[in-house]
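Student: If it helps, the file is called structure.cif and holds mmCIF, C-alpha atoms and all ligand atoms:
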data_final
loop_
_atom_site.group_PDB
_atom_site.id
_atom_site.type_symbol
_atom_site.label_atom_id
_atom_site.label_comp_id
_atom_site.auth_asym_id
_atom_site.auth_seq_id
_atom_site.Cartn_x
_atom_site.Cartn_y
_atom_site.Cartn_z
ATOM 1 C CA MET A 1405 0.000 0.000 0.000
ATOM 2 C CA SER A 1406 1.259 3.458 -0.812
ATOM 3 C CA ALA A 1407 1.613 6.253 1.734
ATOM 4 C CA GLN A 1408 -1.184 8.736 2.260
ATOM 5 C CA ILE A 1409 -0.331 12.222 1.078
ATOM 6 C CA ILE A 1410 -0.104 15.097 3.534
ATOM 7 C CA ASN A 1411 -1.579 17.845 1.391
ATOM 8 C CA GLY A 1412 0.188 21.124 2.198
ATOM 9 C CA LYS A 1413 -1.987 23.119 -0.177
ATOM 10 C CA GLN A 1414 -5.161 22.003 1.527
ATOM 11 C CA ILE A 1415 -3.838 22.473 5.076
ATOM 12 C CA SER A 1416 -2.424 25.856 4.133
ATOM 13 C CA GLU A 1417 -5.823 26.908 2.735
ATOM 14 C CA SER A 1418 -7.620 25.907 5.925
ATOM 15 C CA ILE A 1419 -5.168 28.001 7.989
ATOM 16 C CA ARG A 1420 -5.735 30.929 5.615
ATOM 17 C CA GLU A 1421 -9.475 30.550 6.157
ATOM 18 C CA GLU A 1422 -8.904 30.876 9.926
ATOM 19 C CA ILE A 1423 -6.723 33.936 9.289
ATOM 20 C CA ARG A 1424 -9.422 35.539 7.092
ATOM 21 C CA SER A 1425 -11.949 35.200 9.855
ATOM 22 C CA GLU A 1426 -9.580 36.844 12.369
ATOM 23 C CA VAL A 1427 -8.791 39.615 9.886
ATOM 24 C CA ARG A 1428 -12.529 40.328 9.564
ATOM 25 C CA GLU A 1429 -12.844 40.580 13.354
ATOM 26 C CA LEU A 1430 -9.855 42.940 13.519
ATOM 27 C CA ALA A 1431 -11.291 45.055 10.709
ATOM 28 C CA GLU A 1432 -14.356 45.700 12.865
ATOM 29 C CA LYS A 1433 -11.996 47.236 15.416
ATOM 30 C CA GLY A 1434 -10.305 49.291 12.693
ATOM 31 C CA ILE A 1435 -7.143 47.148 12.812
ATOM 32 C CA ARG A 1436 -5.378 45.824 9.719
ATOM 33 C CA PRO A 1437 -2.265 43.601 9.799
ATOM 34 C CA GLY A 1438 0.622 45.088 7.832
ATOM 35 C CA LEU A 1439 3.712 43.431 6.357
ATOM 36 C CA ALA A 1440 6.755 45.171 4.865
ATOM 37 C CA VAL A 1441 9.005 43.161 2.581
ATOM 38 C CA ILE A 1442 12.347 44.741 1.751
ATOM 39 C CA LEU A 1443 14.051 43.518 -1.397
ATOM 40 C CA VAL A 1444 17.536 44.722 -2.300
ATOM 41 C CA GLY A 1445 18.723 44.180 -5.878
ATOM 42 C CA ASP A 1446 17.159 42.109 -8.627
ATOM 43 C CA ASP A 1447 17.761 38.438 -7.853
ATOM 44 C CA ALA A 1448 15.252 36.610 -10.056
ATOM 45 C CA ALA A 1449 14.143 33.990 -7.515
ATOM 46 C CA SER A 1450 13.737 36.648 -4.814
ATOM 47 C CA GLN A 1451 11.496 38.708 -7.124
ATOM 48 C CA VAL A 1452 9.155 35.725 -7.423
ATOM 49 C CA TYR A 1453 9.132 35.042 -3.657
ATOM 50 C CA VAL A 1454 8.432 38.692 -2.881
ATOM 51 C CA ARG A 1455 5.591 38.849 -5.414
ATOM 52 C CA ASN A 1456 4.045 35.758 -3.840
ATOM 53 C CA LYS A 1457 4.226 37.321 -0.381
ATOM 54 C CA ALA A 1458 2.545 40.506 -1.611
ATOM 55 C CA LYS A 1459 -0.132 38.404 -3.333
ATOM 56 C CA ALA A 1460 -0.831 36.508 -0.102
ATOM 57 C CA CYS A 1461 -1.202 39.840 1.741
ATOM 58 C CA GLU A 1462 -3.634 41.128 -0.836
ATOM 59 C CA GLU A 1463 -5.667 37.930 -0.738
ATOM 60 C CA LEU A 1464 -5.979 38.085 3.060
ATOM 61 C CA GLY A 1465 -6.715 41.806 3.257
ATOM 62 C CA TYR A 1466 -3.410 42.825 4.829
ATOM 63 C CA HIS A 1467 -1.697 46.130 4.326
ATOM 64 C CA SER A 1468 1.405 45.310 2.302
ATOM 65 C CA GLU A 1469 4.484 47.301 1.396
ATOM 66 C CA VAL A 1470 7.087 45.933 -0.967
ATOM 67 C CA ILE A 1471 10.143 48.143 -0.627
ATOM 68 C CA ARG A 1472 12.464 47.656 -3.588
ATOM 69 C CA MET A 1473 15.961 49.042 -3.076
ATOM 70 C CA PRO A 1474 18.691 49.169 -5.747
ATOM 71 C CA ALA A 1475 21.533 46.613 -5.773
ATOM 72 C CA GLU A 1476 24.000 49.412 -4.846
ATOM 73 C CA THR A 1477 22.153 50.169 -1.577
ATOM 74 C CA THR A 1478 24.598 50.740 1.279
ATOM 75 C CA GLN A 1479 24.529 48.970 4.624
ATOM 76 C CA ALA A 1480 23.520 52.260 6.263
ATOM 77 C CA GLY A 1481 20.772 52.799 3.697
ATOM 78 C CA LEU A 1482 19.294 49.360 4.353
ATOM 79 C CA LEU A 1483 19.548 49.760 8.129
ATOM 80 C CA GLY A 1484 17.791 53.113 7.791
ATOM 81 C CA MET A 1485 14.925 51.464 5.937
ATOM 82 C CA VAL A 1486 14.617 48.775 8.627
ATOM 83 C CA GLU A 1487 14.475 51.543 11.264
ATOM 84 C CA ARG A 1488 11.770 53.332 9.308
ATOM 85 C CA CYS A 1489 9.686 50.126 9.260
ATOM 86 C CA ASN A 1490 10.377 49.513 12.964
ATOM 87 C CA ALA A 1491 8.875 52.921 13.703
ATOM 88 C CA ASP A 1492 5.873 52.615 11.370
ATOM 89 C CA PRO A 1493 2.719 51.673 13.332
ATOM 90 C CA ALA A 1494 0.997 50.389 10.159
ATOM 91 C CA ILE A 1495 3.721 47.739 9.811
ATOM 92 C CA HIS A 1496 3.535 44.750 12.172
ATOM 93 C CA GLY A 1497 5.924 42.426 10.354
ATOM 94 C CA ILE A 1498 9.215 43.123 8.595
ATOM 95 C CA LEU A 1499 10.924 40.691 6.255
ATOM 96 C CA VAL A 1500 14.226 41.461 4.567
ATOM 97 C CA GLN A 1501 14.421 39.093 1.631
ATOM 98 C CA LEU A 1502 17.592 36.999 1.661
ATOM 99 C CA PRO A 1503 20.114 36.558 0.187
ATOM 100 C CA LEU A 1504 21.345 40.145 0.192
ATOM 101 C CA PRO A 1505 23.821 41.384 -2.446
ATOM 102 C CA LYS A 1506 27.357 40.302 -1.520
ATOM 103 C CA HIS A 1507 28.559 43.705 -0.264
ATOM 104 C CA LEU A 1508 25.874 43.761 2.439
ATOM 105 C CA ALA A 1509 26.155 41.882 5.754
ATOM 106 C CA GLU A 1510 23.016 39.985 6.773
ATOM 107 C CA LYS A 1511 23.560 39.789 10.507
ATOM 108 C CA PRO A 1512 23.457 43.497 11.391
ATOM 109 C CA VAL A 1513 20.306 43.801 9.294
ATOM 110 C CA ILE A 1514 18.520 40.894 11.013
ATOM 111 C CA ASP A 1515 19.691 42.220 14.394
ATOM 112 C CA ALA A 1516 18.201 45.631 13.593
ATOM 113 C CA ILE A 1517 14.660 44.304 13.024
ATOM 114 C CA SER A 1518 12.437 44.911 16.047
ATOM 115 C CA VAL A 1519 11.898 41.540 17.786
ATOM 116 C CA ARG A 1520 8.166 42.335 17.928
ATOM 117 C CA LYS A 1521 8.122 42.617 14.120
ATOM 118 C CA ASP A 1522 10.474 39.705 13.393
ATOM 119 C CA VAL A 1523 8.033 37.601 11.363
ATOM 120 C CA ASP A 1524 10.876 35.504 9.904
ATOM 121 C CA GLY A 1525 11.884 34.433 13.420
ATOM 122 C CA PHE A 1526 15.550 34.951 12.483
ATOM 123 C CA HIS A 1527 16.467 37.553 15.146
ATOM 124 C CA PRO A 1528 18.782 36.102 17.845
ATOM 125 C CA VAL A 1529 16.234 37.011 20.542
ATOM 126 C CA SER A 1530 13.496 35.143 18.657
ATOM 127 C CA VAL A 1531 15.847 32.163 18.324
ATOM 128 C CA GLY A 1532 16.605 32.329 22.049
ATOM 129 C CA ASN A 1533 12.919 32.544 22.942
ATOM 130 C CA LEU A 1534 12.250 29.475 20.822
ATOM 131 C CA MET A 1535 15.079 27.651 22.590
ATOM 132 C CA ILE A 1536 13.797 28.400 26.109
ATOM 133 C CA GLY A 1537 10.164 27.845 25.152
ATOM 134 C CA ASP A 1538 9.028 31.458 25.469
ATOM 135 C CA ASP A 1539 6.284 32.660 23.186
ATOM 136 C CA ALA A 1540 8.299 33.799 20.170
ATOM 137 C CA LEU A 1541 7.468 34.531 16.570
ATOM 138 C CA LEU A 1542 8.514 31.176 15.140
ATOM 139 C CA PRO A 1543 10.424 30.695 11.891
ATOM 140 C CA CYS A 1544 7.939 29.983 9.126
ATOM 141 C CA THR A 1545 9.059 26.733 7.512
ATOM 142 C CA PRO A 1546 9.663 24.912 10.829
ATOM 143 C CA SER A 1547 6.318 26.013 12.271
ATOM 144 C CA GLY A 1548 4.714 24.969 8.965
ATOM 145 C CA VAL A 1549 6.161 21.473 9.451
ATOM 146 C CA ILE A 1550 4.614 21.264 12.936
ATOM 147 C CA GLU A 1551 1.227 22.437 11.619
ATOM 148 C CA LEU A 1552 1.357 19.831 8.838
ATOM 149 C CA LEU A 1553 2.015 17.102 11.392
ATOM 150 C CA LYS A 1554 -0.651 18.172 13.863
ATOM 151 C CA ARG A 1555 -3.335 18.907 11.306
ATOM 152 C CA SER A 1556 -2.822 15.569 9.567
ATOM 153 C CA GLY A 1557 -3.325 13.775 12.877
ATOM 154 C CA HIS A 1558 0.321 13.131 13.725
ATOM 155 C CA SER A 1559 0.989 14.786 17.042
ATOM 156 C CA PRO A 1560 4.743 14.497 17.669
ATOM 157 C CA ALA A 1561 4.215 13.734 21.385
ATOM 158 C CA GLY A 1562 5.930 10.521 22.411
ATOM 159 C CA LYS A 1563 7.218 9.852 18.896
ATOM 160 C CA HIS A 1564 10.813 9.451 17.813
ATOM 161 C CA ALA A 1565 11.488 12.278 15.374
ATOM 162 C CA VAL A 1566 14.655 12.193 13.304
ATOM 163 C CA VAL A 1567 15.711 15.441 11.632
ATOM 164 C CA ILE A 1568 18.262 15.308 8.832
ATOM 165 C CA GLY A 1569 19.915 18.717 8.323
ATOM 166 C CA ARG A 1570 21.079 21.269 10.880
ATOM 167 C CA SER A 1571 20.595 24.637 9.215
ATOM 168 C CA ASN A 1572 19.662 27.675 11.281
ATOM 169 C CA ILE A 1573 16.611 28.196 9.080
ATOM 170 C CA VAL A 1574 15.108 24.690 9.232
ATOM 171 C CA GLY A 1575 17.025 21.827 10.875
ATOM 172 C CA LYS A 1576 17.820 23.415 14.252
ATOM 173 C CA PRO A 1577 14.509 25.237 14.813
ATOM 174 C CA VAL A 1578 12.346 22.326 13.658
ATOM 175 C CA SER A 1579 14.227 20.071 16.091
ATOM 176 C CA MET A 1580 13.487 22.518 18.928
ATOM 177 C CA LEU A 1581 9.814 22.701 17.983
ATOM 178 C CA LEU A 1582 9.510 18.912 17.831
ATOM 179 C CA LEU A 1583 11.117 18.725 21.267
ATOM 180 C CA ARG A 1584 8.667 21.332 22.528
ATOM 181 C CA GLU A 1585 5.875 19.106 21.174
ATOM 182 C CA ASN A 1586 7.262 16.287 23.341
ATOM 183 C CA ALA A 1587 8.898 14.212 20.630
ATOM 184 C CA THR A 1588 12.198 12.472 21.292
ATOM 185 C CA VAL A 1589 14.456 14.132 18.755
ATOM 186 C CA THR A 1590 17.584 12.930 16.993
ATOM 187 C CA MET A 1591 19.434 15.548 14.949
ATOM 188 C CA CYS A 1592 21.502 14.218 12.056
ATOM 189 C CA HIS A 1593 23.751 15.916 9.537
ATOM 190 C CA SER A 1594 26.383 15.323 6.880
ATOM 191 C CA ARG A 1595 28.921 13.947 9.382
ATOM 192 C CA THR A 1596 26.500 11.497 11.029
ATOM 193 C CA PRO A 1597 27.763 7.946 10.507
ATOM 194 C CA ASP A 1598 25.231 5.464 9.163
ATOM 195 C CA LEU A 1599 22.477 7.950 8.464
ATOM 196 C CA PRO A 1600 20.093 5.363 6.930
ATOM 197 C CA GLU A 1601 20.284 3.247 10.102
ATOM 198 C CA ILE A 1602 19.234 6.220 12.284
ATOM 199 C CA ALA A 1603 16.609 7.439 9.825
ATOM 200 C CA ARG A 1604 15.048 3.961 9.895
ATOM 201 C CA GLN A 1605 14.304 4.409 13.599
ATOM 202 C CA ALA A 1606 12.103 7.438 12.975
ATOM 203 C CA ASP A 1607 8.358 7.530 13.527
ATOM 204 C CA ILE A 1608 8.591 11.029 12.039
ATOM 205 C CA LEU A 1609 11.371 11.752 9.557
ATOM 206 C CA VAL A 1610 12.013 15.395 8.642
ATOM 207 C CA VAL A 1611 14.483 15.948 5.825
ATOM 208 C CA ALA A 1612 16.058 19.346 5.106
ATOM 209 C CA VAL A 1613 19.456 18.827 3.502
ATOM 210 C CA GLY A 1614 19.166 20.281 0.020
ATOM 211 C CA VAL A 1615 20.265 17.130 -1.812
ATOM 212 C CA ALA A 1616 17.744 15.931 -4.393
ATOM 213 C CA LYS A 1617 16.235 12.491 -3.764
ATOM 214 C CA MET A 1618 18.782 11.551 -1.090
ATOM 215 C CA VAL A 1619 16.418 9.585 1.143
ATOM 216 C CA LYS A 1620 15.539 6.171 -0.267
ATOM 217 C CA ALA A 1621 13.026 3.516 0.784
ATOM 218 C CA ASP A 1622 15.597 1.614 2.857
ATOM 219 C CA TRP A 1623 16.034 4.730 5.056
ATOM 220 C CA VAL A 1624 12.398 4.600 6.132
ATOM 221 C CA LYS A 1625 10.582 2.512 8.735
ATOM 222 C CA PRO A 1626 7.387 0.997 7.318
ATOM 223 C CA GLY A 1627 4.469 3.306 8.133
ATOM 224 C CA ALA A 1628 6.636 6.307 9.118
ATOM 225 C CA VAL A 1629 5.570 9.927 8.548
ATOM 226 C CA VAL A 1630 7.986 11.550 6.092
ATOM 227 C CA ILE A 1631 8.209 15.341 5.833
ATOM 228 C CA ASP A 1632 10.287 16.566 2.905
ATOM 229 C CA VAL A 1633 11.471 20.175 3.254
ATOM 230 C CA GLY A 1634 13.747 19.960 0.199
ATOM 231 C CA MET A 1635 13.175 21.965 -2.950
ATOM 232 C CA ASN A 1636 15.747 21.182 -5.588
ATOM 233 C CA ARG A 1637 15.640 22.164 -9.234
ATOM 234 C CA LEU A 1638 16.609 19.197 -11.442
ATOM 235 C CA GLU A 1639 18.398 19.477 -14.773
ATOM 236 C CA ASN A 1640 15.111 18.794 -16.552
ATOM 237 C CA GLY A 1641 13.656 21.884 -14.847
ATOM 238 C CA LYS A 1642 11.395 19.885 -12.517
ATOM 239 C CA LEU A 1643 11.317 20.326 -8.749
ATOM 240 C CA ALA A 1644 12.388 17.447 -6.515
ATOM 241 C CA GLY A 1645 12.525 17.096 -2.768
ATOM 242 C CA ASP A 1646 15.297 15.610 -0.639
ATOM 243 C CA VAL A 1647 13.257 12.403 -0.509
ATOM 244 C CA ASP A 1648 13.045 10.037 -3.470
ATOM 245 C CA TYR A 1649 9.255 10.175 -3.495
ATOM 246 C CA ASP A 1650 8.553 7.308 -5.897
ATOM 247 C CA ASP A 1651 10.895 5.016 -3.986
ATOM 248 C CA VAL A 1652 9.757 6.002 -0.473
ATOM 249 C CA ALA A 1653 5.975 6.447 -0.934
ATOM 250 C CA PRO A 1654 5.204 2.712 -1.109
ATOM 251 C CA LYS A 1655 6.940 2.199 2.250
ATOM 252 C CA ALA A 1656 5.982 5.266 4.284
ATOM 253 C CA GLY A 1657 2.630 5.657 6.037
ATOM 254 C CA TRP A 1658 2.321 9.366 5.253
ATOM 255 C CA ILE A 1659 4.407 11.631 3.055
ATOM 256 C CA THR A 1660 4.538 15.250 1.874
ATOM 257 C CA PRO A 1661 4.891 15.728 -1.900
ATOM 258 C CA VAL A 1662 7.192 18.288 -3.560
ATOM 259 C CA PRO A 1663 5.718 20.578 -4.685
ATOM 260 C CA GLY A 1664 2.523 20.836 -2.640
ATOM 261 C CA GLY A 1665 3.784 19.737 0.782
ATOM 262 C CA VAL A 1666 5.868 21.986 3.015
ATOM 263 C CA GLY A 1667 6.245 24.706 0.352
ATOM 264 C CA PRO A 1668 2.749 26.226 0.556
ATOM 265 C CA MET A 1669 2.995 26.353 4.360
ATOM 266 C CA THR A 1670 5.897 28.811 4.522
ATOM 267 C CA ILE A 1671 4.075 31.908 3.248
ATOM 268 C CA THR A 1672 0.947 30.937 5.170
ATOM 269 C CA MET A 1673 2.934 30.812 8.431
ATOM 270 C CA LEU A 1674 4.453 34.194 7.528
ATOM 271 C CA MET A 1675 0.906 35.517 7.283
ATOM 272 C CA ALA A 1676 0.025 33.854 10.608
ATOM 273 C CA ASN A 1677 3.086 35.476 12.234
ATOM 274 C CA THR A 1678 2.138 38.900 10.865
ATOM 275 C CA LEU A 1679 -1.366 38.484 12.284
ATOM 276 C CA LYS A 1680 0.086 37.441 15.647
ATOM 277 C CA ALA A 1681 2.467 40.431 15.701
ATOM 278 C CA CYS A 1682 -0.437 42.742 14.794
ATOM 279 C CA LYS A 1683 -2.637 41.367 17.569
ATOM 280 C CA ARG A 1684 0.188 41.750 20.095
ATOM 281 C CA ALA A 1685 0.894 45.297 18.975
ATOM 282 C CA ASN A 1686 -2.770 46.040 19.663
ATOM 283 C CA GLY A 1687 -2.824 44.258 23.023
ATOM 284 C CA ILE A 1688 -5.007 41.400 21.734
ATOM 285 C CA GLY A 1689 -4.178 37.715 22.361
HETATM 286 N N1 LIG A 1701 14.828 33.830 1.131
HETATM 287 C C1 LIG A 1701 14.379 32.572 0.896
HETATM 288 N N2 LIG A 1701 13.579 32.169 1.906
HETATM 289 C C2 LIG A 1701 13.512 33.193 2.781
HETATM 290 C C3 LIG A 1701 12.827 33.386 4.025
HETATM 291 O O1 LIG A 1701 12.120 32.511 4.534
HETATM 292 N N3 LIG A 1701 13.008 34.601 4.626
HETATM 293 C C4 LIG A 1701 13.794 35.551 4.088
HETATM 294 N N4 LIG A 1701 13.912 36.692 4.768
HETATM 295 N N5 LIG A 1701 14.452 35.416 2.953
HETATM 296 C C5 LIG A 1701 14.295 34.234 2.302
#
Go ahead and express the file in the form of structure tokens.
Ligand code: GUN
Tutor:
Amino acid sequence: MSAQIINGKQISESIREEIRSEVRELAEKGIRPGLAVILVGDDAASQVYVRNKAKACEELGYHSEVIRMPAETTQAGLLGMVERCNADPAIHGILVQLPLPKHLAEKPVIDAISVRKDVDGFHPVSVGNLMIGDDALLPCTPSGVIELLKRSGHSPAGKHAVVIGRSNIVGKPVSMLLLRENATVTMCHSRTPDLPEIARQADILVVAVGVAKMVKADWVKPGAVVIDVGMNRLENGKLAGDVDYDDVAPKAGWITPVPGGVGPMTITMLMANTLKACKRANGIG
């Protein structure tokens, strides 16, 4: 029997429906969530991501500002723009699209974003709050993974979760969130000996390594839940995850497809974070 699909598009749409209803309630109080996206330069992929974020804002009735800055923008110029957004009461979430052009340093820019508006969850204080279990704005892809699990009936509590990949953006935070959800978590990475052997012990396997089709059927325990965070462009132009879907699907119990699994959740969780930041700024929730 083949695995059941965890449909990220569908789950993402049901979260957006919940957001819409909250946005309507806020509108009655004269409150509108606002997101600023700052894009420096003209990286093609970033242009697409930023457009999609603005589209999501429009669809949900948010105030949205896309701030396009030229590739030659200076560090001081970018920091000034972040400060302007920090001070703007119509803006509840600030996202500086990464990567930045090479002459600009990311860290001082992320550090400059007000923690209360840090809808990416990348600020060191947000990371620290996540670590100690305080109520932080959580990074979008990791919190999307947790929502996918919970809303498909796979509470991580008491399960053995194995995470492959230790990036600051996905691997580390998703491990912390799984731990917070009472899973027993094993973190693996490129230097882990006998990765397939450890992966095979997982009730929940989360893969975020950026290597197309790395995880094969013999890495997976029969019936396991497999969450594929990978998004790799193949030579034929198609998208592939880090999991070899056709090989693994017959063995897993549940699996996320690529595209249509984790991907749609990221922007939706960004919208959820912006709503949360807006409610907090207005002393609600
Ligand atoms: N570039 C690609 N993904 C992301 C993201 O999640 N946040 C930001 N700020 N930049 C990105």
Student: Against ligand LIG 1701 (chain A), which residues of chain A fall within 10 Å? For each one I want the closest pair of atoms and the distance in Å (one decimal), counting all atoms listed in the file, rows by chain and increasing residue number, as CSV.
Tutor:
residue,atom,partner,partner_atom,distance
A:Val1441,CA,A:LIG1701,N4,8.4
A:Ile1442,CA,A:LIG1701,N4,8.7
A:Leu1443,CA,A:LIG1701,N4,9.2
A:Ala1449,CA,A:LIG1701,C1,8.5
A:Ser1450,CA,A:LIG1701,N1,6.7
A:Tyr1453,CA,A:LIG1701,C1,7.4
A:Val1454,CA,A:LIG1701,N1,9.0
A:Ile1498,CA,A:LIG1701,N4,8.8
A:Leu1499,CA,A:LIG1701,N4,5.2
A:Val1500,CA,A:LIG1701,N4,4.8
A:Gln1501,CA,A:LIG1701,N5,3.9
A:Leu1502,CA,A:LIG1701,N5,3.7
A:Pro1503,CA,A:LIG1701,N1,6.0
A:Leu1504,CA,A:LIG1701,N5,8.8
A:Glu1510,CA,A:LIG1701,N4,9.9
A:Ile1514,CA,A:LIG1701,N4,8.8
A:Asp1522,CA,A:LIG1701,N4,9.8
A:Val1523,CA,A:LIG1701,N4,8.9
A:Asp1524,CA,A:LIG1701,N3,5.8
A:Gly1525,CA,A:LIG1701,N3,8.9
A:Phe1526,CA,A:LIG1701,N4,8.1
A:Pro1543,CA,A:LIG1701,O1,7.8
A:Cys1544,CA,A:LIG1701,O1,6.7
A:Thr1545,CA,A:LIG1701,O1,7.2
A:Ile1573,CA,A:LIG1701,O1,7.7
A:Val1574,CA,A:LIG1701,O1,9.6
A:Thr1670,CA,A:LIG1701,O1,7.2
A:Ile1671,CA,A:LIG1701,O1,8.2
A:Leu1674,CA,A:LIG1701,O1,8.4
Student: Residue by residue, what does the PyMOL selection byres (((chain A and resi 1540) around 9) and not hetatm) grab here? Present the result as a VMD selection string.
Tutor: chain A and resid 1519 to 1520 1525 1529 to 1534 1537 to 1539 1541 to 1542
Student: If you count only C-alpha atoms, which residues fall within 8 Å of Pro1654 in chain A, apart from same-chain ones fewer than 2 positions away, as a list in words?
Tutor: Met1405, Ser1406, Ala1407, Asp1650, Asp1651, Val1652 and Ala1656 of chain A
Student: Starting from the shown file, work through the PyMOL selection byres (((chain A and resi 1427) around 9) and not hetatm) and note down what comes out as number ranges by chain.
Tutor: A: 1422-1426, 1428-1432, 1435-1437, 1464-1466, 1679
Student: Under the PyMOL selection byres (((chain A and resi 1682) around 9) and not hetatm), which residues of this model are included? Write them out as a list in words.
Tutor: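 Evaluating the PyMOL selection byres (((chain A and resi 1682) around 9) and not hetatm) on this file yields Ile1435, Arg1436, Pro1437, Gly1438, Ile1495, His1496, Gly1497, Lys1521, Asn1677, Thr1678, Leu1679, Lys1680, Ala1681, Lys1683, Arg1684, Ala1685, Asn1686, Gly1687 and Ile1688 of chain A.
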Student: Restricting the calculation to all atoms listed in the file: of A:Gly1665, A:Gly1634, A:Pro1528, A:Gly1627, which residue gets closest to Arg1604 in chain A?
Tutor: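 Ranked by minimum distance to Arg1604 in chain A, first place goes to A:Gly1627.
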